[in-house]
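Structure file work-v5.cif with mmCIF, C-alpha atoms:
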```
data_start
loop_
_atom_site.group_PDB
_atom_site.id
_atom_site.type_symbol
_atom_site.label_atom_id
_atom_site.label_comp_id
_atom_site.auth_asym_id
_atom_site.auth_seq_id
_atom_site.Cartn_x
_atom_site.Cartn_y
_atom_site.Cartn_z
ATOM 1 C CA MET A 9 -23.086 -15.311 9.659
ATOM 2 C CA ILE A 10 -21.004 -12.557 8.024
ATOM 3 C CA TYR A 11 -17.983 -13.537 10.120
ATOM 4 C CA TYR A 12 -18.143 -17.149 8.981
ATOM 5 C CA LEU A 13 -18.441 -16.001 5.368
ATOM 6 C CA LEU A 14 -15.283 -13.926 5.864
ATOM 7 C CA LEU A 15 -13.588 -16.984 7.328
ATOM 8 C CA LEU A 16 -14.511 -19.061 4.281
ATOM 9 C CA CYS A 17 -13.192 -16.327 1.951
ATOM 10 C CA SER A 18 -9.935 -15.670 3.825
ATOM 11 C CA PRO A 19 -7.942 -18.530 2.198
ATOM 12 C CA LEU A 20 -8.475 -16.888 -1.197
ATOM 13 C CA PHE A 21 -6.024 -14.176 -0.176
ATOM 14 C CA GLY A 22 -3.448 -16.823 0.683
ATOM 15 C CA CYS A 23 -3.944 -18.286 -2.784
ATOM 16 C CA CYS A 24 -3.468 -14.815 -4.288
ATOM 17 C CA GLN A 25 -0.081 -14.659 -2.589
ATOM 18 C CA SER A 26 0.941 -18.055 -3.988
ATOM 19 C CA VAL A 27 -0.145 -17.047 -7.503
ATOM 20 C CA ALA A 28 1.684 -13.708 -7.304
ATOM 21 C CA GLN A 29 4.895 -15.417 -6.187
ATOM 22 C CA LYS A 30 4.702 -18.141 -8.821
ATOM 23 C CA GLN A 31 3.725 -15.795 -11.664
ATOM 24 C CA TYR A 32 6.569 -13.414 -10.931
ATOM 25 C CA ASN A 33 9.020 -16.301 -11.147
ATOM 26 C CA LEU A 34 7.452 -17.467 -14.402
ATOM 27 C CA LYS A 35 7.188 -14.057 -16.089
ATOM 28 C CA SER A 36 10.541 -12.537 -15.181
ATOM 29 C CA LYS A 37 13.652 -13.740 -17.039
ATOM 30 C CA SER A 38 15.839 -13.006 -14.013
ATOM 31 C CA PRO A 39 13.513 -12.866 -10.986
ATOM 32 C CA ASP A 40 14.924 -11.169 -7.917
ATOM 33 C CA ALA A 41 13.402 -12.857 -4.875
ATOM 34 C CA ILE A 42 15.129 -10.394 -2.554
ATOM 35 C CA LEU A 43 13.661 -7.353 -4.318
ATOM 36 C CA PHE A 44 10.235 -9.008 -4.465
ATOM 37 C CA SER A 45 10.385 -9.676 -0.724
ATOM 38 C CA ALA A 46 11.541 -6.107 -0.021
ATOM 39 C CA VAL A 47 8.574 -4.573 -1.864
ATOM 40 C CA THR A 48 6.225 -6.998 -0.096
ATOM 41 C CA CYS A 49 7.659 -5.886 3.264
ATOM 42 C CA LEU A 50 7.150 -2.235 2.313
ATOM 43 C CA ILE A 51 3.484 -2.805 1.442
ATOM 44 C CA ALA A 52 2.917 -4.794 4.642
ATOM 45 C CA LEU A 53 4.615 -1.975 6.577
ATOM 46 C CA ALA A 54 2.223 0.554 5.034
ATOM 47 C CA PHE A 55 -0.695 -1.690 6.018
ATOM 48 C CA PHE A 56 0.343 -1.795 9.685
ATOM 49 C CA LEU A 57 0.986 1.958 9.751
ATOM 50 C CA LEU A 58 -2.484 2.667 8.346
ATOM 51 C CA THR A 59 -4.305 0.244 10.647
ATOM 52 C CA SER A 60 -2.475 1.672 13.675
ATOM 53 C CA ARG A 61 -3.795 5.159 12.795
ATOM 54 C CA LEU A 62 -0.305 6.284 13.832
ATOM 55 C CA GLN A 63 -1.249 5.900 17.501
ATOM 56 C CA LEU A 64 1.990 4.178 18.405
ATOM 57 C CA ASP A 65 4.021 3.724 21.565
ATOM 58 C CA PHE A 66 7.461 2.313 20.860
ATOM 59 C CA ASP A 67 9.099 0.597 23.813
ATOM 60 C CA ALA A 68 12.822 -0.183 23.972
ATOM 61 C CA ARG A 69 11.988 -3.714 25.157
ATOM 62 C CA LEU A 70 10.510 -4.436 21.710
ATOM 63 C CA TRP A 71 13.790 -4.210 19.837
ATOM 64 C CA PRO A 72 15.285 -7.657 20.586
ATOM 65 C CA TYR A 73 12.040 -9.388 19.607
ATOM 66 C CA SER A 74 11.453 -7.216 16.538
ATOM 67 C CA LEU A 75 15.011 -7.688 15.284
ATOM 68 C CA GLY A 76 14.790 -11.446 15.755
ATOM 69 C CA PHE A 77 11.439 -11.489 13.984
ATOM 70 C CA ALA A 78 12.840 -9.366 11.134
ATOM 71 C CA LEU A 79 15.647 -11.831 10.416
ATOM 72 C CA CYS A 80 13.215 -14.756 10.448
ATOM 73 C CA TYR A 81 10.644 -12.832 8.396
ATOM 74 C CA LEU A 82 13.008 -11.898 5.575
ATOM 75 C CA SER A 83 14.363 -15.449 5.513
ATOM 76 C CA ALA A 84 10.828 -16.816 5.271
ATOM 77 C CA TRP A 85 9.853 -14.513 2.391
ATOM 78 C CA VAL A 86 13.018 -14.973 0.348
ATOM 79 C CA GLY A 87 12.949 -18.724 0.934
ATOM 80 C CA THR A 88 9.296 -18.922 -0.113
ATOM 81 C CA VAL A 89 9.791 -16.986 -3.352
ATOM 82 C CA TYR A 90 12.809 -19.078 -4.351
ATOM 83 C CA ALA A 91 11.017 -22.306 -3.374
ATOM 84 C CA MET A 92 8.065 -21.295 -5.558
ATOM 85 C CA ARG A 93 10.503 -20.888 -8.446
ATOM 86 C CA TYR A 94 12.158 -24.279 -8.106
ATOM 87 C CA GLY A 95 9.307 -26.463 -6.898
ATOM 88 C CA PRO A 96 5.566 -27.147 -6.778
ATOM 89 C CA VAL A 97 3.190 -24.589 -5.288
ATOM 90 C CA ALA A 98 1.131 -27.063 -3.243
ATOM 91 C CA LEU A 99 4.009 -28.877 -1.534
ATOM 92 C CA THR A 100 5.868 -25.611 -0.912
ATOM 93 C CA SER A 101 2.831 -24.100 0.820
ATOM 94 C CA LEU A 102 2.233 -27.284 2.792
ATOM 95 C CA ILE A 103 5.754 -27.554 4.205
ATOM 96 C CA ILE A 104 5.905 -23.862 5.106
ATOM 97 C CA SER A 105 2.539 -24.188 6.879
ATOM 98 C CA LEU A 106 3.888 -27.123 8.871
ATOM 99 C CA ALA A 107 6.232 -24.675 10.634
ATOM 100 C CA LEU A 108 3.379 -24.533 13.137
ATOM 101 C CA VAL A 109 5.335 -27.284 14.888
ATOM 102 C CA PHE A 110 7.727 -24.609 16.231
ATOM 103 C CA PRO A 111 5.268 -22.694 18.459
ATOM 104 C CA ALA A 112 3.669 -25.988 19.487
ATOM 105 C CA ALA A 113 7.057 -27.348 20.591
ATOM 106 C CA TYR A 114 7.873 -24.014 22.249
ATOM 107 C CA GLY A 115 4.696 -24.277 24.309
ATOM 108 C CA VAL A 116 5.579 -27.811 25.371
ATOM 109 C CA MET A 117 9.058 -26.641 26.435
ATOM 110 C CA LEU A 118 7.437 -23.980 28.611
ATOM 111 C CA GLY A 119 5.381 -26.604 30.382
ATOM 112 C CA GLU A 120 2.119 -26.570 28.436
ATOM 113 C CA ARG A 121 0.199 -29.817 28.751
ATOM 114 C CA VAL A 122 0.660 -32.290 25.890
ATOM 115 C CA THR A 123 -2.826 -33.427 24.920
ATOM 116 C CA PHE A 124 -3.763 -36.389 22.766
ATOM 117 C CA LEU A 125 -4.546 -33.981 19.901
ATOM 118 C CA THR A 126 -1.107 -32.371 20.175
ATOM 119 C CA ALA A 127 0.657 -35.746 20.158
ATOM 120 C CA ALA A 128 -1.433 -36.896 17.190
ATOM 121 C CA GLY A 129 -0.650 -33.651 15.367
ATOM 122 C CA PHE A 130 3.106 -34.113 15.870
ATOM 123 C CA ALA A 131 2.908 -37.710 14.655
ATOM 124 C CA LEU A 132 0.939 -36.790 11.526
ATOM 125 C CA LEU A 133 3.256 -33.875 10.824
ATOM 126 C CA THR A 134 6.332 -36.106 10.975
ATOM 127 C CA GLY A 135 4.769 -38.622 8.622
ATOM 128 C CA SER A 136 3.660 -35.867 6.274
ATOM 129 C CA LEU A 137 7.163 -34.389 5.984
ATOM 130 C CA VAL A 138 8.570 -37.830 5.147
ATOM 131 C CA LEU A 139 5.961 -38.697 2.522
ATOM 132 C CA VAL A 140 5.771 -35.382 0.653
ATOM 133 C CA ASN A 141 9.542 -35.285 0.206
ATOM 134 C CA LEU A 142 9.601 -38.572 -1.669
ATOM 135 C CA ARG A 143 9.776 -38.570 -5.446
ATOM 136 C CA PHE A 144 7.583 -35.844 -6.967
ATOM 137 C CA ASP A 145 6.659 -37.940 -9.995
ATOM 138 C CA GLY A 146 7.673 -41.375 -11.109
ATOM 139 C CA ARG A 147 10.887 -40.154 -12.718
ATOM 140 C CA GLN A 148 12.473 -37.176 -10.990
ATOM 141 C CA PRO A 149 12.932 -36.319 -7.325
ATOM 142 C CA LEU A 150 12.372 -32.815 -6.018
ATOM 143 C CA SER A 151 15.404 -30.665 -6.718
ATOM 144 C CA GLY A 152 18.054 -29.906 -4.129
ATOM 145 C CA ARG A 153 17.574 -26.183 -4.739
ATOM 146 C CA TRP A 154 13.875 -26.464 -3.921
ATOM 147 C CA PHE A 155 14.598 -28.413 -0.752
ATOM 148 C CA LYS A 156 17.202 -25.854 0.385
ATOM 149 C CA TRP A 157 14.898 -22.849 -0.058
ATOM 150 C CA VAL A 158 11.757 -24.489 1.295
ATOM 151 C CA PHE A 159 13.782 -25.511 4.354
ATOM 152 C CA ILE A 160 14.939 -21.886 4.831
ATOM 153 C CA ALA A 161 11.323 -20.703 4.493
ATOM 154 C CA PHE A 162 10.181 -23.415 6.922
ATOM 155 C CA ILE A 163 12.751 -22.390 9.552
ATOM 156 C CA GLY A 164 12.080 -18.676 8.963
ATOM 157 C CA ASN A 165 8.321 -19.086 9.309
ATOM 158 C CA GLY A 166 8.752 -21.119 12.474
ATOM 159 C CA GLY A 167 11.148 -18.505 13.843
ATOM 160 C CA CYS A 168 8.550 -15.782 13.213
ATOM 161 C CA MET A 169 6.007 -17.708 15.262
ATOM 162 C CA ILE A 170 8.487 -18.245 18.088
ATOM 163 C CA MET A 171 9.462 -14.556 18.239
ATOM 164 C CA SER A 172 5.797 -13.489 18.170
ATOM 165 C CA ASN A 173 5.052 -15.881 21.019
ATOM 166 C CA MET A 174 8.017 -14.645 23.052
ATOM 167 C CA GLN A 175 7.055 -11.017 22.544
ATOM 168 C CA LYS A 176 3.454 -11.611 23.636
ATOM 169 C CA ARG A 177 4.458 -13.717 26.622
ATOM 170 C CA HIS A 178 6.858 -11.073 27.923
ATOM 171 C CA LEU A 179 5.180 -7.825 26.838
ATOM 172 C CA GLY A 180 1.506 -8.719 26.322
ATOM 173 C CA ASP A 181 -0.734 -7.564 23.482
ATOM 174 C CA SER A 182 -0.103 -3.841 23.877
ATOM 175 C CA PHE A 183 2.643 -3.482 21.242
ATOM 176 C CA SER A 184 1.472 -5.674 18.346
ATOM 177 C CA HIS A 185 1.573 -2.915 15.720
ATOM 178 C CA GLU A 186 4.823 -1.441 17.021
ATOM 179 C CA PHE A 187 6.411 -4.893 17.051
ATOM 180 C CA MET A 188 5.505 -5.494 13.407
ATOM 181 C CA ILE A 189 6.364 -1.970 12.225
ATOM 182 C CA ILE A 190 9.919 -2.191 13.589
ATOM 183 C CA ALA A 191 10.388 -5.699 12.179
ATOM 184 C CA LEU A 192 9.047 -4.820 8.729
ATOM 185 C CA ALA A 193 11.065 -1.602 8.502
ATOM 186 C CA VAL A 194 14.275 -3.459 9.385
ATOM 187 C CA SER A 195 13.439 -6.266 6.928
ATOM 188 C CA PHE A 196 12.754 -3.778 4.148
ATOM 189 C CA VAL A 197 16.009 -1.873 4.676
ATOM 190 C CA ILE A 198 18.123 -5.048 4.743
ATOM 191 C CA LEU A 199 16.445 -6.628 1.714
ATOM 192 C CA MET A 200 16.455 -3.463 -0.383
ATOM 193 C CA THR A 201 20.119 -2.778 0.406
ATOM 194 C CA VAL A 202 21.119 -6.310 -0.618
ATOM 195 C CA SER A 203 19.033 -6.097 -3.793
ATOM 196 C CA VAL A 204 20.525 -2.750 -4.853
ATOM 197 C CA VAL A 205 24.079 -3.997 -4.273
ATOM 198 C CA TRP A 206 23.606 -7.305 -6.097
ATOM 199 C CA ASN A 207 21.241 -6.363 -8.898
ATOM 200 C CA ARG A 208 22.781 -4.296 -11.687
ATOM 201 C CA GLY A 209 19.542 -3.995 -13.645
ATOM 202 C CA PHE A 210 17.736 -2.788 -10.574
ATOM 203 C CA SER A 211 15.376 -0.193 -12.065
ATOM 204 C CA GLY A 212 14.195 -2.524 -14.839
ATOM 205 C CA GLU A 213 13.519 -5.367 -12.430
ATOM 206 C CA VAL A 214 11.560 -3.060 -10.113
ATOM 207 C CA ARG A 215 9.042 -2.422 -12.914
ATOM 208 C CA LYS A 216 8.640 -6.166 -13.533
ATOM 209 C CA CYS A 217 8.439 -6.994 -9.859
ATOM 210 C CA LEU A 218 6.124 -4.248 -8.631
ATOM 211 C CA PRO A 219 2.722 -5.521 -9.916
ATOM 212 C CA TYR A 220 3.237 -9.014 -8.493
ATOM 213 C CA ALA A 221 4.735 -7.772 -5.218
ATOM 214 C CA ALA A 222 1.850 -5.299 -4.878
ATOM 215 C CA VAL A 223 -0.668 -8.143 -5.183
ATOM 216 C CA ASN A 224 1.356 -10.263 -2.776
ATOM 217 C CA GLY A 225 1.663 -7.547 -0.132
ATOM 218 C CA THR A 226 -1.939 -6.359 -0.456
ATOM 219 C CA ALA A 227 -3.300 -9.901 -0.171
ATOM 220 C CA ASN A 228 -1.133 -10.454 2.901
ATOM 221 C CA GLY A 229 -2.428 -7.247 4.478
ATOM 222 C CA LEU A 230 -6.067 -8.105 3.747
ATOM 223 C CA LEU A 231 -5.620 -11.590 5.168
ATOM 224 C CA ASN A 232 -4.180 -10.124 8.383
ATOM 225 C CA LEU A 233 -7.045 -7.626 8.535
ATOM 226 C CA ILE A 234 -9.662 -10.382 8.203
ATOM 227 C CA ILE A 235 -8.025 -12.487 10.913
ATOM 228 C CA LEU A 236 -7.856 -9.471 13.245
ATOM 229 C CA THR A 237 -11.532 -8.769 12.510
ATOM 230 C CA LEU A 238 -12.592 -12.347 13.230
ATOM 231 C CA ILE A 239 -10.719 -12.626 16.531
ATOM 232 C CA GLY A 240 -13.304 -12.326 19.290
ATOM 233 C CA HIS A 241 -16.212 -13.111 16.975
ATOM 234 C CA ILE A 242 -15.288 -16.709 16.154
ATOM 235 C CA PRO A 243 -13.759 -19.071 18.760
ATOM 236 C CA ASN A 244 -10.023 -19.605 18.240
ATOM 237 C CA THR A 245 -10.571 -23.372 18.176
ATOM 238 C CA ILE A 246 -12.649 -22.827 15.024
ATOM 239 C CA LEU A 247 -10.875 -19.800 13.532
ATOM 240 C CA TYR A 248 -7.284 -21.020 13.281
ATOM 241 C CA PRO A 249 -7.816 -24.681 12.307
ATOM 242 C CA THR A 250 -10.419 -23.729 9.699
ATOM 243 C CA ASN A 251 -8.273 -20.968 8.204
ATOM 244 C CA ALA A 252 -5.189 -23.204 8.085
ATOM 245 C CA ALA A 253 -6.952 -26.223 6.598
ATOM 246 C CA LEU A 254 -8.934 -24.236 4.019
ATOM 247 C CA GLY A 255 -5.803 -22.345 2.977
ATOM 248 C CA MET A 256 -3.929 -25.564 2.287
ATOM 249 C CA LEU A 257 -6.867 -27.147 0.471
ATOM 250 C CA PHE A 258 -7.455 -24.031 -1.670
ATOM 251 C CA THR A 259 -3.773 -23.979 -2.583
ATOM 252 C CA PHE A 260 -3.921 -27.657 -3.516
ATOM 253 C CA VAL A 261 -6.879 -27.040 -5.878
ATOM 254 C CA LEU A 262 -5.101 -23.998 -7.325
ATOM 255 C CA ALA A 263 -1.940 -25.989 -8.009
ATOM 256 C CA TRP A 264 -3.915 -28.847 -9.575
ATOM 257 C CA PHE A 265 -6.000 -26.771 -12.004
ATOM 258 C CA ILE A 266 -3.754 -23.788 -12.817
ATOM 259 C CA TYR A 267 -0.258 -25.276 -12.703
ATOM 260 C CA GLY A 268 -1.097 -28.896 -13.456
ATOM 261 C CA GLU A 269 0.821 -30.248 -10.483
ATOM 262 C CA ARG A 270 0.460 -33.977 -9.930
ATOM 263 C CA PHE A 271 1.781 -36.048 -7.046
ATOM 264 C CA THR A 272 2.490 -39.667 -6.306
ATOM 265 C CA LYS A 273 -0.039 -41.624 -4.259
ATOM 266 C CA LEU A 274 2.174 -41.434 -1.184
ATOM 267 C CA GLN A 275 2.471 -37.661 -1.562
ATOM 268 C CA TYR A 276 -1.315 -37.334 -1.672
ATOM 269 C CA VAL A 277 -1.435 -39.279 1.579
ATOM 270 C CA GLY A 278 1.303 -37.062 3.006
ATOM 271 C CA TYR A 279 -0.539 -33.910 1.966
ATOM 272 C CA ALA A 280 -3.735 -35.096 3.680
ATOM 273 C CA MET A 281 -1.731 -35.942 6.807
ATOM 274 C CA GLY A 282 -0.194 -32.462 6.727
ATOM 275 C CA VAL A 283 -3.607 -30.774 6.591
ATOM 276 C CA ALA A 284 -4.819 -32.935 9.467
ATOM 277 C CA SER A 285 -1.686 -32.213 11.543
ATOM 278 C CA VAL A 286 -2.108 -28.434 11.121
ATOM 279 C CA VAL A 287 -5.728 -28.678 12.279
ATOM 280 C CA LEU A 288 -4.852 -30.833 15.312
ATOM 281 C CA LEU A 289 -1.922 -28.630 16.386
ATOM 282 C CA ASN A 290 -4.146 -25.542 16.103
ATOM 283 C CA LEU A 291 -6.744 -27.200 18.305
#
```

Please re-express this file's structure in structure tokens.
Amino acid sequence: MIYYLLLLCSPLFGCCQSVAQKQYNLKSKSPDAILFSAVTCLIALAFFLLTSRLQLDFDARLWPYSLGFALCYLSAWVGTVYAMRYGPVALTSLIISLALVFPAAYGVMLGERVTFLTAAGFALLTGSLVLVNLRFDGRQPLSGRWFKWVFIAFIGNGGCMIMSNMQKRHLGDSFSHEFMIIALAVSFVILMTVSVVWNRGFSGEVRKCLPYAAVNGTANGLLNLIILTLIGHIPNTILYPTNAALGMLFTFVLAWFIYGERFTKLQYVGYAMGVASVVLLNL
């Protein structure tokens, strides 16, 4: 029972991340998405170092996968933070979650059987992407800046899943912590270097950014910890679809009540189709 209670609570940490990202953009006069992402990477790096208990075995074969993951990871974080600034929380989270199509398509390319559920998931996902990108309200369409950054986050998130899949297929489960530690360290160095070079008021922005990035990174670490704890205690066919669907529904409720986001009727339909597609592709 305790494991299912943890599963039901896990989406709250995803909501904490969305709130931290949105609040930083709202509270800072000149938010630095790159700095925010760098601090988040640093906190996530600390999390993986602590949970590894420093019992690590770095293998040279990890580097290509970790470097590829790092580039996708930093793109996903920066894209997400910028997308949260320029667009709605619920639709941003939905589209980024739909990047699940990448590992599903990757599996099909490698010869995995296409089931009815997989085909239905792809069909719903396609329809969802079309509907949610229609006019946000009756007057104004979603901005081009939002679309650009949410697309970068979508591609980056999908790339992360692909690189994780490739690493596990070729090297197994033995280097999970090492894989993430290399990727996060590289991401942090790149993002922090870019932020220092571009941001003249660096020290002042660090103070504004740190509380929100700390919440974001800690929530991300706790979410990963819960998922790692639940693996083996709850069947994957229940764990991943439930976590994905609840996360999207929690974010929708959050966006409705806290940020007052309202959609068109077609976008509500598209959002429901997106939730259903994530569940079916997970199954």

Go ahead and compute the interatomic distance for atom CA of A:Trp264 and atom CA of A:Val277, in Å to one decimal. 15.5 Å

Would you mind telling me which residue in A:Leu289, A:Tyr94, A:Gln275, A:Met171 lies nearest to A:Leu133 when using all atoms listed in the file? A:Leu289

With the file shown as input, list the residues that the PyMOL selection byres ((chain A and resi 75) around 10) selects, as a list in words.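 This file gives the following for the PyMOL selection byres ((chain A and resi 75) around 10): Leu70, Trp71, Pro72, Tyr73, Ser74, Gly76, Phe77, Ala78, Leu79, Cys80, Tyr81, Met171, Phe187, Met188, Ile190, Ala191, Leu192, Ala193, Val194 and Ser195 of chain A.
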
When the PyMOL selection byres ((chain A and resi 137) around 9) is applied to the structure above, which residues does it catch, written out as a list in words?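 Going through the file, the PyMOL selection byres ((chain A and resi 137) around 9) ends up selecting Ile103, Leu106, Leu132, Leu133, Thr134, Gly135, Ser136, Val138, Leu139, Val140, Asn141, Gly278, Tyr279 and Gly282 of chain A.
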
Using Å and a single decimal, report how far atom CA of A:Val261 sits from atom CA of A:Gln31.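 Answer for the atom CA of A:Gln31 to atom CA of A:Val261 separation: 16.5 Å.
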
Residues selected by the PyMOL selection byres ((chain A and resi 252-258) around 7), written as a PyMOL selection string: chain A and resi 19+22-23+102+248-251+259-262+283+286-287

Once you count all atoms listed in the file, which residues end up no further than 8 Å from (17.1, -8.8, -2.8) in the file's frame, shown as a ChimeraX atom specification? /A:40-46,199-204,206-207

With only C-alpha atoms as the atoms that count, which of A:Pro96, A:Leu20, A:Leu34, A:Gly87 lies nearest to A:Phe271? A:Pro96

If we count all atoms listed in the file and set the cut-off at 10 Å, which residues sit around A:Gln29, ignoring sequence neighbours fewer than 3 positions away in its own chain? Please answer as a list of chain:residue names. A:Cys23, A:Cys24, A:Gln25, A:Ser26, A:Tyr32, A:Asn33, A:Leu34, A:Ala41, A:Phe44, A:Ser45, A:Trp85, A:Thr88, A:Val89, A:Tyr90, A:Ala91, A:Met92, A:Arg93, A:Val97, A:Cys217, A:Tyr220, A:Ala221, A:Val223, A:Asn224

Separation of atom CA of A:Ala127 from atom CA of A:Cys168 in Å: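 Calculated distance between atom CA of A:Cys168 and atom CA of A:Ala127 is 22.6 Å.
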